[in-house]
Amino acid sequence: MTTTEKAWGATSATDPLSQLQIERRDTDSHDVRIKIEYAGICHSDLHTVRSEWGEATFPLVPGHEIVGTVTEVGPEVTKWRVGQRVGVGVFVDSCRECENCRAGEEQYCLNGMTGTYGVKDRYGQITQGGYSTGIVVHEDYVLNIPEGLKSEEAAPLLCAGITVYSPLAHWQAGPGKQVAVVGMGGLGHMAVKIAAAMGATVTVLSQTTRKAEDAVRFGATEALATSEPETFRNNRGRFDLIINTVSADLDLQQYLSLLRTEGTLVQVGMPPEPMAVNAKWLAGGRKSLSGSMIGGVAECQQMLDFCAEKGFGAQVEVIEADQVNEAYERMLASDVRYRFVIDASSI
Ligand code: NAP
Ligand code: ZN
Ligand code: ZN
């Protein structure tokens with residue numbers, strides 16, 4: 001037995017998203033059923049449905065920034081009750097046994113975490129994401145949405161928020177640290193808010209200065225245009241940590257030159273094409289180039305609680321489901337302020 005839910009998704013890499021129907025499994029012993037209220041639009045959704053990261057499985061319903069209400073729990077569920085407001089992020093399962101799962105780093109599951117959409121789950125079904133009216137998830141992969149956060153502003157925290165919180169915490173962004181955020185879209189604007197709330201000095205490196213006022217409002221001390229050569233000339237050797245959120249290929253040499261000795265550039269943006277690095281850009285100054293992918297379940301909860309305590313969620317533009325294709329085009333044009341969130345009641 002399954003339950004039919006309405007959804008928006010893609011039937012091929014080249015067709016626009018359209019209305020679809022999907023089936024959700026019945027709640028297993030440890031499952032919760034969630035009525036989805038809001039689903040954020042992540043640039044990864046676009047990379048995936050357009051098969052930019054490899055051929056996707058269609059039909060495909062994207063969406064991994066989900067907030068909703070529990071409507072049903074399996075007989076052995078202990079963590080959640082009907083009526084509770086919860087979230088679901090980028091993965092809905094993992095092996096639970098490997099070293100990384102046991103360490104709470106389920107995102108790096110050695111047997112492969114089960115993405116919220118587009119991959120085969122342990123039931124043999126292809127997972128379908130949050131641009132839908134309901135979802136069924138194992139209780140261990142569900143997050144609590146703390147009071148004080150608006151649901152639509154909380155949704156983007158489930159991917160954009162945790163993706164920048166994790167490296168900022170790992171590399172200890174805090175007082176006395178100079179942090180640069182490259183690209184101020186969905187991830188970037190959360191990186192500014194979170195790094196500033198952690199006490200770091202934050203600089204935004206954006207293509208233009210059009211977003212400068214917003215950057216300062218989010219907690220940055222300044223916003224510099226990467227289209228201006230003097231940005232690179234004047235800030236050489238300045239930053240302890242650079243978080244690159246850009247969805248396209250960038251000239252890494254320019255950005256590595258902005259790091260202090262022993263500084264780290266963390267790639268969270270995942271452009272489809274490989275990025276070139278010359279070893280001497282790292283060797284001179286003992287610099288590090290790293291990457292980081294979302295965060296574990298416990299860390300994601302920590303991030304949600306941190307944002308609630310500091311009193312901020314994402315800055316969002318709520319849209320109806322039938323505006324999703326237009327939202328994708330605007331996101332591609334860097335015209336997102338700063339996360340599109342689908343009101344699931346319009347699906
Ligand atoms: P987004 O909202 O579209 O933001 C990307 C920003 O990058 C844009 O707003 C723009 O900022 C800048 N940008 C875009 N194209 C550019 C270009 N050609 N040259 C220079 N700058 C450009 O996307 P997002 O949702 O934040 O996601 C960003 C990337 O992170 C995507 O590749 C996504 O797949 C990836 N991602 C990774 C993880 C992870 O776990 N590592 C998680 C989620 C997303 P300005 O206008 O300020 O320049
Ligand atoms: Zn995402
Ligand atoms: Zn594992």
# chains A, B, ... in the order shown; residues from 1 in each chain; ligands from 1

call {"tool": "residues_near_ligand", "arguments": {"ligand": "ligand 3", "cutoff": "8 Å", "atoms": "only C-alpha atoms and all ligand atoms", "output": "number ranges by chain"}}
result
A: 94-102, 106, 108-113

call {"tool": "residues_around", "arguments": {"residues": "Val88 (chain A)", "least_positions_apart": "3", "cutoff": "12 Å", "atoms": "only C-alpha atoms", "output": "PyMOL selection string"}}
result
chain A and resi 32-40+63-70+85+91-93+115-117+129-130+134-145+154-159+162+297+300-301+304

call {"tool": "atom_distance", "arguments": {"atom1": "CA of Ile347 (chain A)", "atom2": "CA of Val61 (chain A)"}}
result
12.1 Å

call {"tool": "residues_near_ligand", "arguments": {"ligand": "ligand 2", "cutoff": "7 Å", "atoms": "only C-alpha atoms and all ligand atoms", "output": "list in words"}}
result
Cys42, His43, Ser44, Asp45, His64, Val90, Cys159 and Ala160 of chain A

call {"tool": "write_last_selection", "arguments": {"atoms": "N, CA and C atoms", "output": "PDB file, in the first residue's frame"}}
result
ATOM      1  N   CYS A  42      17.192  24.721  -3.874  1.00  0.00           N
ATOM      2  CA  CYS A  42      18.653  24.761  -3.774  1.00  0.00           C
ATOM      3  C   CYS A  42      19.227  24.680  -5.186  1.00  0.00           C
ATOM      4  N   HIS A  43      20.384  25.295  -5.384  1.00  0.00           N
ATOM      5  CA  HIS A  43      21.003  25.209  -6.718  1.00  0.00           C
ATOM      6  C   HIS A  43      21.341  23.759  -7.072  1.00  0.00           C
ATOM      7  N   SER A  44      21.538  22.923  -6.055  1.00  0.00           N
ATOM      8  CA  SER A  44      21.787  21.490  -6.320  1.00  0.00           C
ATOM      9  C   SER A  44      20.578  20.841  -6.996  1.00  0.00           C
ATOM     10  N   ASP A  45      19.373  21.329  -6.679  1.00  0.00           N
ATOM     11  CA  ASP A  45      18.172  20.796  -7.342  1.00  0.00           C
ATOM     12  C   ASP A  45      18.300  20.999  -8.850  1.00  0.00           C
ATOM     13  N   HIS A  64      15.251  19.392  -0.992  1.00  0.00           N
ATOM     14  CA  HIS A  64      15.810  18.788   0.220  1.00  0.00           C
ATOM     15  C   HIS A  64      15.959  19.836   1.325  1.00  0.00           C
ATOM     16  N   VAL A  90      19.032  16.932   3.399  1.00  0.00           N
ATOM     17  CA  VAL A  90      19.552  16.427   2.127  1.00  0.00           C
ATOM     18  C   VAL A  90      19.598  14.903   2.049  1.00  0.00           C
ATOM     19  N   CYS A 159      19.471  22.746   4.167  1.00  0.00           N
ATOM     20  CA  CYS A 159      20.628  22.486   3.299  1.00  0.00           C
ATOM     21  C   CYS A 159      21.568  23.685   3.316  1.00  0.00           C
ATOM     22  N   ALA A 160      21.089  24.844   2.878  1.00  0.00           N
ATOM     23  CA  ALA A 160      21.985  26.012   2.803  1.00  0.00           C
ATOM     24  C   ALA A 160      22.611  26.309   4.170  1.00  0.00           C
TER      25      ALA A 160
END

call {"tool": "residues_near_ligand", "arguments": {"ligand": "ligand 1", "cutoff": "7 Å", "atoms": "only C-alpha atoms and all ligand atoms", "output": "ChimeraX atom specification"}}
result
/A:42-44,47,159-160,163,182-188,205-208,211,245-250,268-271,292-294,331-332,334-336,338-339

call {"tool": "residues_around", "arguments": {"residues": "Arg25 (chain A)", "least_positions_apart": "5", "cutoff": "8 Å", "atoms": "only C-alpha atoms", "output": "PDB file with N, CA and C atoms, in the first residue's frame"}}
result
ATOM      1  N   MET A   1       0.842  -1.208   0.000  1.00  0.00           N
ATOM      2  CA  MET A   1       0.000   0.000   0.000  1.00  0.00           C
ATOM      3  C   MET A   1       0.881   1.264   0.000  1.00  0.00           C
ATOM      4  N   THR A   2       0.397   2.236  -0.725  1.00  0.00           N
ATOM      5  CA  THR A   2       1.131   3.518  -0.748  1.00  0.00           C
ATOM      6  C   THR A   2       0.125   4.664  -0.664  1.00  0.00           C
ATOM      7  N   THR A   3       0.644   5.844  -0.448  1.00  0.00           N
ATOM      8  CA  THR A   3      -0.194   7.043  -0.453  1.00  0.00           C
ATOM      9  C   THR A   3       0.241   7.923  -1.612  1.00  0.00           C
ATOM     10  N   VAL A 136       7.603  10.459   3.686  1.00  0.00           N
ATOM     11  CA  VAL A 136       7.748   9.489   4.786  1.00  0.00           C
ATOM     12  C   VAL A 136       9.239   9.264   5.007  1.00  0.00           C
TER      13      VAL A 136
END

call {"tool": "residues_around", "arguments": {"residues": "Tyr165 (chain A)", "least_positions_apart": "6", "cutoff": "9 Å", "atoms": "only C-alpha atoms", "output": "ChimeraX atom specification"}}
result
/A:190-191,194-195,294-295,299-300,303

call {"tool": "write_last_selection", "arguments": {"atoms": "all heavy atoms", "output": "PDB file, in the first residue's frame"}}
result
ATOM      1  N   MET A 190      23.551  32.741   3.968  1.00  0.00           N
ATOM      2  CA  MET A 190      23.543  32.051   5.260  1.00  0.00           C
ATOM      3  C   MET A 190      24.945  32.009   5.861  1.00  0.00           C
ATOM      4  O   MET A 190      25.115  32.101   7.076  1.00  0.00           O
ATOM      5  CB  MET A 190      22.988  30.628   5.121  1.00  0.00           C
ATOM      6  CG  MET A 190      21.492  30.532   4.928  1.00  0.00           C
ATOM      7  SD  MET A 190      20.470  31.520   6.078  1.00  0.00           S
ATOM      8  CE  MET A 190      21.110  31.009   7.675  1.00  0.00           C
ATOM      9  N   ALA A 191      25.957  31.886   5.000  1.00  0.00           N
ATOM     10  CA  ALA A 191      27.337  31.885   5.498  1.00  0.00           C
ATOM     11  C   ALA A 191      27.659  33.216   6.172  1.00  0.00           C
ATOM     12  O   ALA A 191      28.306  33.258   7.220  1.00  0.00           O
ATOM     13  CB  ALA A 191      28.311  31.607   4.360  1.00  0.00           C
ATOM     14  N   ILE A 194      25.707  33.355   9.574  1.00  0.00           N
ATOM     15  CA  ILE A 194      26.211  32.413  10.587  1.00  0.00           C
ATOM     16  C   ILE A 194      27.622  32.791  11.032  1.00  0.00           C
ATOM     17  O   ILE A 194      27.922  32.810  12.227  1.00  0.00           O
ATOM     18  CB  ILE A 194      26.124  30.960  10.068  1.00  0.00           C
ATOM     19  CG1 ILE A 194      24.638  30.552   9.934  1.00  0.00           C
ATOM     20  CG2 ILE A 194      26.858  30.005  10.993  1.00  0.00           C
ATOM     21  CD1 ILE A 194      24.387  29.216   9.243  1.00  0.00           C
ATOM     22  N   ALA A 195      28.500  33.123  10.065  1.00  0.00           N
ATOM     23  CA  ALA A 195      29.872  33.493  10.440  1.00  0.00           C
ATOM     24  C   ALA A 195      29.861  34.741  11.317  1.00  0.00           C
ATOM     25  O   ALA A 195      30.605  34.825  12.305  1.00  0.00           O
ATOM     26  CB  ALA A 195      30.721  33.726   9.187  1.00  0.00           C
ATOM     27  N   ILE A 294      27.298  19.369   3.277  1.00  0.00           N
ATOM     28  CA  ILE A 294      26.231  19.477   4.301  1.00  0.00           C
ATOM     29  C   ILE A 294      26.770  19.235   5.708  1.00  0.00           C
ATOM     30  O   ILE A 294      27.771  19.835   6.090  1.00  0.00           O
ATOM     31  CB  ILE A 294      24.980  18.627   3.937  1.00  0.00           C
ATOM     32  CG1 ILE A 294      25.365  17.254   3.364  1.00  0.00           C
ATOM     33  CG2 ILE A 294      24.113  19.414   2.977  1.00  0.00           C
ATOM     34  CD1 ILE A 294      24.213  16.321   3.082  1.00  0.00           C
ATOM     35  N   GLY A 295      26.121  18.386   6.509  1.00  0.00           N
ATOM     36  CA  GLY A 295      26.566  18.122   7.875  1.00  0.00           C
ATOM     37  C   GLY A 295      25.754  16.953   8.392  1.00  0.00           C
ATOM     38  O   GLY A 295      24.762  16.561   7.769  1.00  0.00           O
ATOM     39  N   GLU A 299      24.629  17.611  14.015  1.00  0.00           N
ATOM     40  CA  GLU A 299      25.164  18.947  13.747  1.00  0.00           C
ATOM     41  C   GLU A 299      24.091  19.840  13.119  1.00  0.00           C
ATOM     42  O   GLU A 299      24.033  21.045  13.382  1.00  0.00           O
ATOM     43  CB  GLU A 299      26.386  18.854  12.830  1.00  0.00           C
ATOM     44  CG  GLU A 299      27.112  20.181  12.710  1.00  0.00           C
ATOM     45  CD  GLU A 299      28.373  20.118  11.873  1.00  0.00           C
ATOM     46  OE1 GLU A 299      28.419  19.349  10.897  1.00  0.00           O
ATOM     47  OE2 GLU A 299      29.317  20.865  12.198  1.00  0.00           O
ATOM     48  N   CYS A 300      23.230  19.238  12.303  1.00  0.00           N
ATOM     49  CA  CYS A 300      22.152  19.997  11.674  1.00  0.00           C
ATOM     50  C   CYS A 300      21.194  20.515  12.756  1.00  0.00           C
ATOM     51  O   CYS A 300      20.746  21.671  12.716  1.00  0.00           O
ATOM     52  CB  CYS A 300      21.428  19.114  10.654  1.00  0.00           C
ATOM     53  SG  CYS A 300      20.306  20.041   9.601  1.00  0.00           S
ATOM     54  N   MET A 303      22.794  23.392  14.463  1.00  0.00           N
ATOM     55  CA  MET A 303      22.716  24.597  13.624  1.00  0.00           C
ATOM     56  C   MET A 303      21.325  25.224  13.727  1.00  0.00           C
ATOM     57  O   MET A 303      21.199  26.443  13.853  1.00  0.00           O
ATOM     58  CB  MET A 303      23.065  24.206  12.178  1.00  0.00           C
ATOM     59  CG  MET A 303      22.938  25.274  11.129  1.00  0.00           C
ATOM     60  SD  MET A 303      21.284  25.525  10.466  1.00  0.00           S
ATOM     61  CE  MET A 303      20.767  23.881  10.062  1.00  0.00           C
TER      62      MET A 303
END

call {"tool": "residues_around", "arguments": {"residues": "Glu76 (chain A)", "least_positions_apart": "4", "cutoff": "9 Å", "atoms": "only C-alpha atoms", "output": "PDB file with N, CA and C atoms, in the first residue's frame"}}
result
ATOM      1  N   ASP A  28       6.664   2.613   8.041  1.00  0.00           N
ATOM      2  CA  ASP A  28       7.261   1.424   8.637  1.00  0.00           C
ATOM      3  C   ASP A  28       7.364   1.705  10.148  1.00  0.00           C
ATOM      4  N   SER A  29       7.869   0.719  10.901  1.00  0.00           N
ATOM      5  CA  SER A  29       7.835   0.849  12.368  1.00  0.00           C
ATOM      6  C   SER A  29       8.479   2.146  12.879  1.00  0.00           C
ATOM      7  N   HIS A  30       9.570   2.579  12.246  1.00  0.00           N
ATOM      8  CA  HIS A  30      10.266   3.779  12.743  1.00  0.00           C
ATOM      9  C   HIS A  30      10.061   5.003  11.848  1.00  0.00           C
ATOM     10  N   ASP A  31       9.056   4.973  10.991  1.00  0.00           N
ATOM     11  CA  ASP A  31       8.851   6.088  10.060  1.00  0.00           C
ATOM     12  C   ASP A  31       7.901   7.152  10.606  1.00  0.00           C
TER      13      ASP A  31
END

call {"tool": "residues_around", "arguments": {"residues": "Gly199 (chain A)", "least_positions_apart": "6", "cutoff": "10 Å", "atoms": "only C-alpha atoms", "output": "PyMOL selection string"}}
result
chain A and resi 173-178+219

call {"tool": "select_by_dssp", "arguments": {"residues": "region 52-196 of chain A", "states": "helix (DSSP H, G or I)", "output": "ChimeraX atom specification"}}
result
/A:99-102,106-108,139-141,151-158,160-170,186-196

call {"tool": "residues_around", "arguments": {"residues": "Phe232 (chain A)", "least_positions_apart": "4", "cutoff": "10 Å", "atoms": "only C-alpha atoms", "output": "ChimeraX atom specification"}}
result
/A:224-228,236-237,254-255,257-258

call {"tool": "closest_residue", "arguments": {"among": "A:Ala223, A:Val341, A:Leu265, A:Leu46", "to": "Thr201 (chain A)", "atoms": "only C-alpha atoms"}}
result
A:Ala223

call {"tool": "select_by_dssp", "arguments": {"residues": "region 18-107 of chain A", "states": "strand (DSSP E)", "output": "PyMOL selection string"}}
result
chain A and resi 18-25+31-40+66-73+85-88+91-93

call {"tool": "decode", "arguments": {"residues": "region 271-320 of chain A", "atoms": "C-alpha atoms", "output": "CSV table (one decimal), in the first residue's frame"}}
result
chain,number,residue,atom,x,y,z
A,271,PRO,CA,30.3,23.3,-10.3
A,272,PRO,CA,29.8,20.5,-12.8
A,273,GLU,CA,33.2,21.0,-14.4
A,274,PRO,CA,36.6,20.2,-12.7
A,275,MET,CA,38.5,23.1,-11.3
A,276,ALA,CA,42.2,23.6,-12.1
A,277,VAL,CA,44.7,24.1,-9.3
A,278,ASN,CA,48.5,24.6,-9.7
A,279,ALA,CA,50.4,23.0,-6.7
A,280,LYS,CA,52.5,26.2,-6.2
A,281,TRP,CA,49.3,28.2,-5.4
A,282,LEU,CA,49.0,26.0,-2.3
A,283,ALA,CA,52.7,25.3,-1.5
A,284,GLY,CA,53.6,29.0,-1.3
A,285,GLY,CA,52.1,29.8,2.1
A,286,ARG,CA,51.2,26.2,3.1
A,287,LYS,CA,47.6,26.8,2.1
A,288,SER,CA,44.8,24.3,2.1
A,289,LEU,CA,42.1,23.7,-0.4
A,290,SER,CA,39.2,21.7,1.1
A,291,GLY,CA,35.6,20.8,0.5
A,292,SER,CA,32.7,20.2,2.7
A,293,MET,CA,29.3,18.6,2.2
A,294,ILE,CA,26.2,19.5,4.3
A,295,GLY,CA,26.6,18.1,7.9
A,296,GLY,CA,25.4,15.3,10.1
A,297,VAL,CA,22.0,14.9,11.7
A,298,ALA,CA,23.2,16.0,15.2
A,299,GLU,CA,25.2,18.9,13.7
A,300,CYS,CA,22.2,20.0,11.7
A,301,GLN,CA,20.1,20.1,14.9
A,302,GLN,CA,22.8,22.1,16.5
A,303,MET,CA,22.7,24.6,13.6
A,304,LEU,CA,18.9,24.9,13.8
A,305,ASP,CA,19.1,25.6,17.5
A,306,PHE,CA,21.9,28.1,17.0
A,307,CYS,CA,20.0,30.0,14.4
A,308,ALA,CA,16.8,30.1,16.6
A,309,GLU,CA,18.8,31.3,19.6
A,310,LYS,CA,20.5,34.0,17.5
A,311,GLY,CA,17.1,34.9,16.1
A,312,PHE,CA,17.5,34.4,12.3
A,313,GLY,CA,16.5,32.1,9.5
A,314,ALA,CA,17.0,32.6,5.8
A,315,GLN,CA,15.9,35.6,3.8
A,316,VAL,CA,13.3,34.1,1.5
A,317,GLU,CA,11.0,34.8,-1.4
A,318,VAL,CA,8.0,32.5,-1.1
A,319,ILE,CA,6.6,31.3,-4.4
A,320,GLU,CA,3.8,29.1,-5.7
